[in-house]
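> One structure follows; several queries about it will come next.
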Amino acid sequence: MKKGIIKSLGIFALVAGFQAHSQEQNEEKKTMDNILLAEWSGPYAGVPAFDEMKVELVKPAMLKAMDTHLAEIDKITENPESATFENTIVPFEDSGDLLNRVFTYYGIFSSNISSPEFREVQRELSPEISEYSSKISQNTALFERIKTVYENSQENPLPAPEQRVIDLIYEEFAMEGANLNKEDKERYAKINKELSELYTKFSNNVLAEEENYIVYLTEDQLSGLPESYVKAAASTAEANGESGKYAVTNTRSSMDPFLTYSDERELREKVWRNYYSRGDNNDEFDNNDVIKKILKLRDERVELLGYDNFAQWRLQNRMAKNPENAMELMEAVWPAALARVEEEVEDMQAVADREGADITIEPWDYRYYAEKVRKEKYDLDSEEVKQYLELGNLTQALFFTAGELFNFDFKPVKEGSVPVFHEDVNVWEVTDKDSGELIGLWYLDSFARQGKRSGAWATTYRSYSELEGAKPVLASNNSNFIKPAPGESVLVSWDDAETFFHEFGHALHFLAADIKYPTLNSGVRDYTEFQSQLLERWLSTDKVINRYLKHHETGEVIPDELVAKIKKAATFNQGFATTEFLASALMDMKYHTTDPDKIEPRKFEKETLDELGMPDEIVMRHRSPHFGHVFSGEGYATGYYGYLWADVLTSDASEAFAEAPGGFYDANLAEKLVKYLFAPRNAMDPAEAYRKFRGRDAKIDALMRDRGFPVPEDAEE
Ligand SMILES: [Zn+2]
């Protein structure tokens with residue numbers, strides 16, 4: 001019944017505006033009533049009506065909004081005057097407002113509160129979305145106008161922001177096949193449609209596998225687990241109708257601490273196998289075939305454009321420029337990481353032997369014995385550290401950092417004044433500390449829940465641009481901290497605290513934007529992680545430590561010795577961390593530089609890793625069948641190396657702060673940080689922006705020092 005209404009509304013949306021007989025007027029009323037299509041109202045130049053959204057409104061709203069955007073584009077192309085920046089690029093940049101708003105709701109349903117019902121809507125919409133986007137990227141009339149503006153600008157250059165916009169737009173269209181002939185364009189569009197269905201399938205398979213493999217522990221299987229973990233596991237089990245048991249869910253935030261602490265080796269193996277087999281279980285959710293199809297289609301698509309492989313096509317407008325540069329960096333770091341793994345395994349094996357464990361270190365032992373080595377060598381107890389990392393204090397630490405560097409002030413919004421999609425979401429108002437000028441809002445969705453994707457991420461509901469009225473930015477951070485039992489503090493690990501700062505760095509990047517056109521908000525994949533990675537460094541600055549890293553019960557500041565140990569331990573386990581990351585990043589690049597006809601994912605993964613000399617004790621951070629960065633969309637495909645690329649910049653920039661007269665709070669350098677590295681977003685070429693900040697290009701040396709690896713001699717100048 002419900003489905004029928006959605007369907008007729010959908011058809012209506014596609015033909016909206018053409019006719020009006022009584023049936024359709026009725027439908028029109030329903031569309032008008034759709035809250036997802038309404039202007040955002042209320043304070044702060046309007047905010048999303050998260051409290052009123054419903055799954056059944058998503059499809060009609062999306063169809064209507066896509067249609068509206070296409071009609072806006074038609075208006076541009078129907079203009080009889082010859083194309084200029086003003087009559088083509090400006091209205092193009094200004095279009096799609098309704099869709100952006102609807103897509104905000106779509107994003108919340110997809111990432112924060114997904115459900116089988118919504119996944120059905122997603123499946124239905126995915127071909128529609130792809131068709132819509134092809135209608136823009138393959139719009140010949142539109143591209144001809146863009147090309148005219150671009151070509152004219154090559155003769156008579158435009159002012160810098162306008163020139164950058166037209167360069168980026170033209171390049172994007174060209175990369176998406178705008179210069180293709182009609183036949184190739186049709187094939188191109190068809191490939192994209194198939195790909196988008198495969199991406200959705202890939203991520204839904206992973207999500208299903210996360211939900212389907214929960215390990216329930218009994219009372220006698222809790223040995224070694226921290227009390228906080230046990231409590232959270234008990235409440236998750238209870239929520240799942242398994243009262244009296246303890247749930248280890250098939251997500252990183254549950255798996256990782258379990259493998260670190262559980263004394264039950266067989267259970268560790270089971271949890272490890274569940275997690276690293278996601279999408280690789282030879283069942284209906286198996287992703288190996290999906291990967292094969294994706295790789296073939298990607299390859300065919302870039303071949304139409306004249307590229308040898310997907311990586312070559314993808315990296316042309318990245319900071320790395322080509323796969324060779326990205327590989328060169330990874331290969332410079334890889335041997336040092338492997339050498340370190342050998343040392344780490346030796347240390348762990350020695351602990352196991354001394355304990356009389358009579359085992360050989362296996363992948364499910366790595367975190368467990370690493371923790372023992374950490375305690376022994378660095379005398380660092382992660383649980384003890386956690387007592388000083390309370391979520392509320394950490395949130396205040398973020399605000400302090402933003403205040404010092406960006407001059408931002410954060411205040412909670414008046415209770416109930418800004419709608420949220422879940423009671424756990426909190427909202428703050430962000431203003432300039434001196435002028436009081438409103439910058440935007442910051443939404444924080446802290447806790448893991450059923451239907452929320454794992455990990456942590458940042459997003460915007462509304463980005464800044466002068467063209468669109470310089471409205472307040474609506475930025476959000478999303479984490480998967482385990483919700484504590486009522487009245488308990490949320491204590492997080494050092495790693496999770498760093499991630500919390502990292503994602504906040506993305507939010508600050510959104511909030512600090514000072515650009516003229518929406519396109520200048522776009523990210524350069526191997527560059528946008530840099531700003532957020534850099535922000536992580538403020539967690540261990542003295543000011544943050546002394547003010548915010550306080551014991552959750554006693555309020556005592558984290559002791560100096562403990563901080564010294566944390567800093568000393570920073571290079572600990574870098575063999576593991578660097579290797580598991582690089583294995584994924586290298587695989588990503590190999591997948592996209594190898595003839596896809598020669599790829600059977602399961603076999604290819606194994607053979608490639610063997611060739612690289614992957615240690616037996618470590619598995620890729622994201623194995624292929626659940627490597628969502630690369631296969632549930634295109635954002636990170638041949639882009640996973642970008643974290644390392646960005647890390648080179650991070651270490652190098654961080655040394656600049658460490659060496660500045662005012663250290664990490666040096667006012668001069670902070671000003672440059674905001675001015676060149678945050679505010680321009682993509683309005684400035686990243687390499688140029690970095691040079692303006694640092695006075696030179698980044699070097700790899702600081703990164704190697706940060707990881708405790710020897711600095712390669714040829715890298716020293
Ligand atoms: Zn990030």
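Following the order of the structure tokens, first chain is A, next is B, and so on, with residues numbered from 1 inside each chain and ligands from 1 in the order they appear.
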For ligand 1, return the neighbouring residues as a VMD selection string (distance at most 12 Å; only C-alpha atoms and all ligand atoms).
chain A and resid 455 to 459 477 to 478 498 to 509 523 525 to 536 629 636 640 642 to 644 646 to 647
> Quick one: residues within 6 Å of range 667-673 of chain A, only C-alpha atoms, excluding same-chain residues fewer than 2 positions away - as a list in words?
Leu405, Tyr665, Lys675, Tyr676, Leu677 and Phe693 of chain A
> Mind writing the picked residues with N, CA, C and O atoms as an mmCIF file, in the first residue's frame?

data_model
loop_
_atom_site.group_PDB
_atom_site.id
_atom_site.type_symbol
_atom_site.label_atom_id
_atom_site.label_comp_id
_atom_site.auth_asym_id
_atom_site.auth_seq_id
_atom_site.Cartn_x
_atom_site.Cartn_y
_atom_site.Cartn_z
ATOM 1 N N LEU A 405 43.308 28.517 17.888
ATOM 2 C CA LEU A 405 43.815 28.572 16.517
ATOM 3 C C LEU A 405 42.910 29.362 15.574
ATOM 4 O O LEU A 405 43.379 30.070 14.700
ATOM 5 N N TYR A 665 50.924 26.839 19.799
ATOM 6 C CA TYR A 665 49.964 27.946 19.913
ATOM 7 C C TYR A 665 50.570 29.241 19.393
ATOM 8 O O TYR A 665 50.133 30.325 19.745
ATOM 9 N N LYS A 675 44.837 30.802 7.248
ATOM 10 C CA LYS A 675 44.792 31.557 5.993
ATOM 11 C C LYS A 675 45.111 30.707 4.761
ATOM 12 O O LYS A 675 44.452 30.832 3.730
ATOM 13 N N TYR A 676 46.137 29.852 4.872
ATOM 14 C CA TYR A 676 46.561 29.100 3.682
ATOM 15 C C TYR A 676 46.087 27.651 3.659
ATOM 16 O O TYR A 676 45.861 27.091 2.600
ATOM 17 N N LEU A 677 45.955 27.038 4.836
ATOM 18 C CA LEU A 677 45.679 25.601 4.832
ATOM 19 C C LEU A 677 44.209 25.265 5.072
ATOM 20 O O LEU A 677 43.749 24.199 4.697
ATOM 21 N N PHE A 693 52.487 28.323 3.393
ATOM 22 C CA PHE A 693 52.469 28.091 4.835
ATOM 23 C C PHE A 693 53.886 27.787 5.349
ATOM 24 O O PHE A 693 54.331 28.334 6.351
#
> List the spatial neighbours of Lys193 in chain A as a VMD selection string - criterion: any atom at most 7 Å away, only C-alpha atoms, same-chain residues fewer than 4 positions off excluded.
chain A and resid 127 130 to 131 189 197
> Using only C-alpha atoms, which protein or nucleic acid residues come within 10 Å of Ser115 in chain A? Drop anything in the same chain fewer than 6 positions from it, and give the result as a list of chain:residue names.
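Residues near the query, excluding close chain neighbours: A:Val55, A:Phe109, A:Val121, A:Gln450, A:Gly451, A:Lys452.
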> I'd like to know which residues of range 434-680 of chain A are alpha helix (DSSP H) (by DSSP, run on the backbone); could you write them as a ChimeraX atom specification?
/A:494-511,525-535,542-548,560-568,574-591,601-612,628-631,642-659,667-672
> Just C-alpha atoms for this one: save the residues we selected as a compact mmCIF listing (two decimals), in the first residue's frame.

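Result went into again13.txt, see below:
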# COMPACT_ATOMS: atom_id res chain seq x y z
CA TRP A 494 44.12 7.41 23.18
CA ASP A 495 43.60 6.33 19.57
CA ASP A 496 39.93 7.16 19.68
CA ALA A 497 40.72 10.53 21.25
CA GLU A 498 43.06 11.24 18.35
CA THR A 499 40.36 10.23 15.90
CA PHE A 500 37.97 12.55 17.72
CA PHE A 501 40.41 15.43 17.10
CA HIS A 502 40.91 14.24 13.52
CA GLU A 503 37.24 14.38 12.61
CA PHE A 504 36.94 17.71 14.36
CA GLY A 505 39.72 18.90 12.04
CA HIS A 506 37.42 18.13 9.10
CA ALA A 507 34.62 20.05 10.81
CA LEU A 508 36.94 23.04 11.33
CA HIS A 509 37.93 22.82 7.70
CA PHE A 510 34.24 23.19 6.79
CA LEU A 511 33.64 25.93 9.36
CA ARG A 525 41.66 13.58 -1.69
CA ASP A 526 45.32 13.27 -0.76
CA TYR A 527 45.26 16.77 0.71
CA THR A 528 42.00 17.06 2.68
CA GLU A 529 43.14 14.44 5.20
CA PHE A 530 46.15 16.59 5.99
CA GLN A 531 44.28 19.32 7.84
CA SER A 532 42.42 16.80 9.99
CA GLN A 533 45.53 14.71 10.66
CA LEU A 534 47.40 17.83 11.68
CA LEU A 535 44.71 18.73 14.20
CA ASP A 542 50.67 20.82 27.21
CA LYS A 543 47.72 23.19 27.31
CA VAL A 544 45.22 20.53 26.33
CA ILE A 545 46.80 18.01 28.69
CA ASN A 546 46.78 20.32 31.69
CA ARG A 547 43.29 21.60 31.17
CA TYR A 548 41.33 18.67 29.84
CA ASP A 560 53.54 13.82 33.79
CA GLU A 561 55.05 10.34 33.84
CA LEU A 562 52.02 8.92 32.10
CA VAL A 563 52.17 11.62 29.42
CA ALA A 564 55.89 10.97 28.98
CA LYS A 565 55.10 7.28 28.53
CA ILE A 566 52.38 8.01 25.99
CA LYS A 567 54.76 10.17 23.98
CA LYS A 568 57.49 7.57 24.24
CA GLN A 574 54.26 1.53 14.23
CA GLY A 575 55.32 -1.62 12.41
CA PHE A 576 51.82 -3.01 12.79
CA ALA A 577 49.99 0.26 12.13
CA THR A 578 52.05 1.24 9.10
CA THR A 579 52.04 -2.25 7.62
CA GLU A 580 48.31 -2.91 7.98
CA PHE A 581 47.62 0.50 6.43
CA LEU A 582 50.16 0.26 3.63
CA ALA A 583 49.01 -3.25 2.73
CA SER A 584 45.54 -1.82 2.06
CA ALA A 585 46.92 1.23 0.25
CA LEU A 586 49.25 -0.82 -1.93
CA MET A 587 46.47 -3.30 -2.76
CA ASP A 588 44.22 -0.41 -3.72
CA MET A 589 46.82 0.84 -6.19
CA LYS A 590 47.60 -2.67 -7.54
CA TYR A 591 43.91 -3.37 -8.13
CA PRO A 601 40.08 -10.87 -5.90
CA ARG A 602 40.68 -13.54 -3.25
CA LYS A 603 43.64 -15.00 -5.16
CA PHE A 604 44.94 -11.63 -6.30
CA GLU A 605 44.95 -10.28 -2.78
CA LYS A 606 46.90 -13.27 -1.49
CA GLU A 607 49.43 -13.33 -4.33
CA THR A 608 50.05 -9.62 -4.27
CA LEU A 609 50.59 -9.59 -0.52
CA ASP A 610 52.92 -12.59 -0.78
CA GLU A 611 54.94 -10.76 -3.39
CA LEU A 612 55.15 -7.71 -1.20
CA GLY A 628 34.48 0.22 1.62
CA HIS A 629 36.82 3.16 0.98
CA VAL A 630 37.60 1.66 -2.39
CA PHE A 631 34.58 -0.41 -3.41
CA GLY A 642 46.26 9.68 0.49
CA TYR A 643 46.36 9.22 4.25
CA LEU A 644 50.10 8.61 4.02
CA TRP A 645 50.61 11.41 1.54
CA ALA A 646 48.74 13.69 3.89
CA ASP A 647 50.78 12.31 6.78
CA VAL A 648 53.99 13.48 5.14
CA LEU A 649 52.50 16.98 5.12
CA THR A 650 51.20 16.50 8.68
CA SER A 651 54.55 15.54 10.15
CA ASP A 652 56.30 18.29 8.26
CA ALA A 653 53.77 20.96 9.29
CA SER A 654 53.79 19.68 12.83
CA GLU A 655 57.55 20.18 13.02
CA ALA A 656 56.97 23.76 11.91
CA PHE A 657 54.77 24.28 14.98
CA ALA A 658 57.13 22.42 17.27
CA GLU A 659 59.95 24.72 16.16
CA ALA A 667 49.90 33.08 16.86
CA ASN A 668 51.83 33.84 13.71
CA LEU A 669 51.86 30.29 12.45
CA ALA A 670 48.25 29.73 13.51
CA GLU A 671 47.28 32.68 11.35
CA LYS A 672 49.09 31.16 8.37
> Which residues are near range 230-238 of chain A? Cut-off 9 Å, only C-alpha atoms, ignore same chain within fewer than 5 positions. Put them as a list of chain:residue names.
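Selected residues are A:Tyr216, A:Leu217, A:Leu222, A:Leu225, A:Ser243, A:Gly244, A:Lys245, A:Tyr246, A:Ala247, A:Val248, A:Thr249, A:Ser254, A:Ile482, A:Lys483, A:Pro484, A:Ala485.
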> Filtering to N, CA, C and O atoms, could you give me those residues as a tab-separated table (two decimals), in the first residue's frame?

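The resulting file, out_12.tsv, is shown below:
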chain	number	residue	atom	x	y	z
A	216	TYR	N	28.16	-13.85	21.16
A	216	TYR	CA	27.63	-13.64	22.51
A	216	TYR	C	28.46	-14.44	23.51
A	216	TYR	O	28.62	-15.65	23.38
A	217	LEU	N	29.00	-13.71	24.49
A	217	LEU	CA	29.83	-14.35	25.49
A	217	LEU	C	28.99	-14.70	26.71
A	217	LEU	O	28.01	-14.01	27.01
A	222	LEU	N	34.76	-13.88	30.06
A	222	LEU	CA	35.07	-12.45	30.08
A	222	LEU	C	36.50	-12.15	30.52
A	222	LEU	O	36.89	-10.98	30.61
A	225	LEU	N	38.90	-8.82	29.96
A	225	LEU	CA	38.19	-7.67	29.39
A	225	LEU	C	37.98	-6.58	30.44
A	225	LEU	O	37.61	-6.87	31.57
A	243	SER	N	19.58	-11.01	27.05
A	243	SER	CA	19.87	-10.62	28.43
A	243	SER	C	20.75	-11.65	29.13
A	243	SER	O	20.59	-12.86	28.92
A	244	GLY	N	21.69	-11.15	29.94
A	244	GLY	CA	22.55	-12.05	30.70
A	244	GLY	C	23.79	-12.47	29.93
A	244	GLY	O	24.69	-13.07	30.48
A	245	LYS	N	23.83	-12.12	28.61
A	245	LYS	CA	25.03	-12.41	27.83
A	245	LYS	C	25.77	-11.12	27.52
A	245	LYS	O	25.36	-10.04	27.94
A	246	TYR	N	26.87	-11.24	26.75
A	246	TYR	CA	27.72	-10.09	26.44
A	246	TYR	C	28.01	-10.10	24.94
A	246	TYR	O	28.55	-11.08	24.43
A	247	ALA	N	27.67	-9.01	24.25
A	247	ALA	CA	27.78	-9.01	22.79
A	247	ALA	C	29.10	-8.43	22.32
A	247	ALA	O	29.47	-7.31	22.68
A	248	VAL	N	29.83	-9.19	21.51
A	248	VAL	CA	30.97	-8.65	20.77
A	248	VAL	C	30.46	-8.45	19.35
A	248	VAL	O	30.24	-9.42	18.63
A	249	THR	N	30.23	-7.21	18.98
A	249	THR	CA	29.66	-6.97	17.66
A	249	THR	C	30.77	-7.03	16.60
A	249	THR	O	31.95	-6.92	16.92
A	254	SER	N	34.27	-2.70	18.50
A	254	SER	CA	34.04	-3.81	19.42
A	254	SER	C	35.14	-4.85	19.29
A	254	SER	O	35.65	-5.38	20.28
A	482	ILE	N	31.04	3.54	22.44
A	482	ILE	CA	30.05	2.65	23.02
A	482	ILE	C	29.28	3.43	24.09
A	482	ILE	O	29.88	4.02	24.99
A	483	LYS	N	27.97	3.46	23.95
A	483	LYS	CA	27.16	4.21	24.89
A	483	LYS	C	27.26	3.57	26.28
A	483	LYS	O	27.08	2.36	26.42
A	484	PRO	N	27.59	4.37	27.29
A	484	PRO	CA	27.80	3.78	28.61
A	484	PRO	C	26.47	3.46	29.28
A	484	PRO	O	25.42	3.96	28.87
A	485	ALA	N	26.54	2.62	30.31
A	485	ALA	CA	25.35	2.41	31.13
A	485	ALA	C	25.01	3.75	31.76
A	485	ALA	O	25.89	4.59	31.95
> Find, counting only C-alpha atoms, the residue in A:Glu343, A:Met319, A:Gly436, A:Arg453 that gets nearest to Glu688 in chain A.
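Checking each candidate against Glu688 in chain A, we get A:Met319 as the closest.
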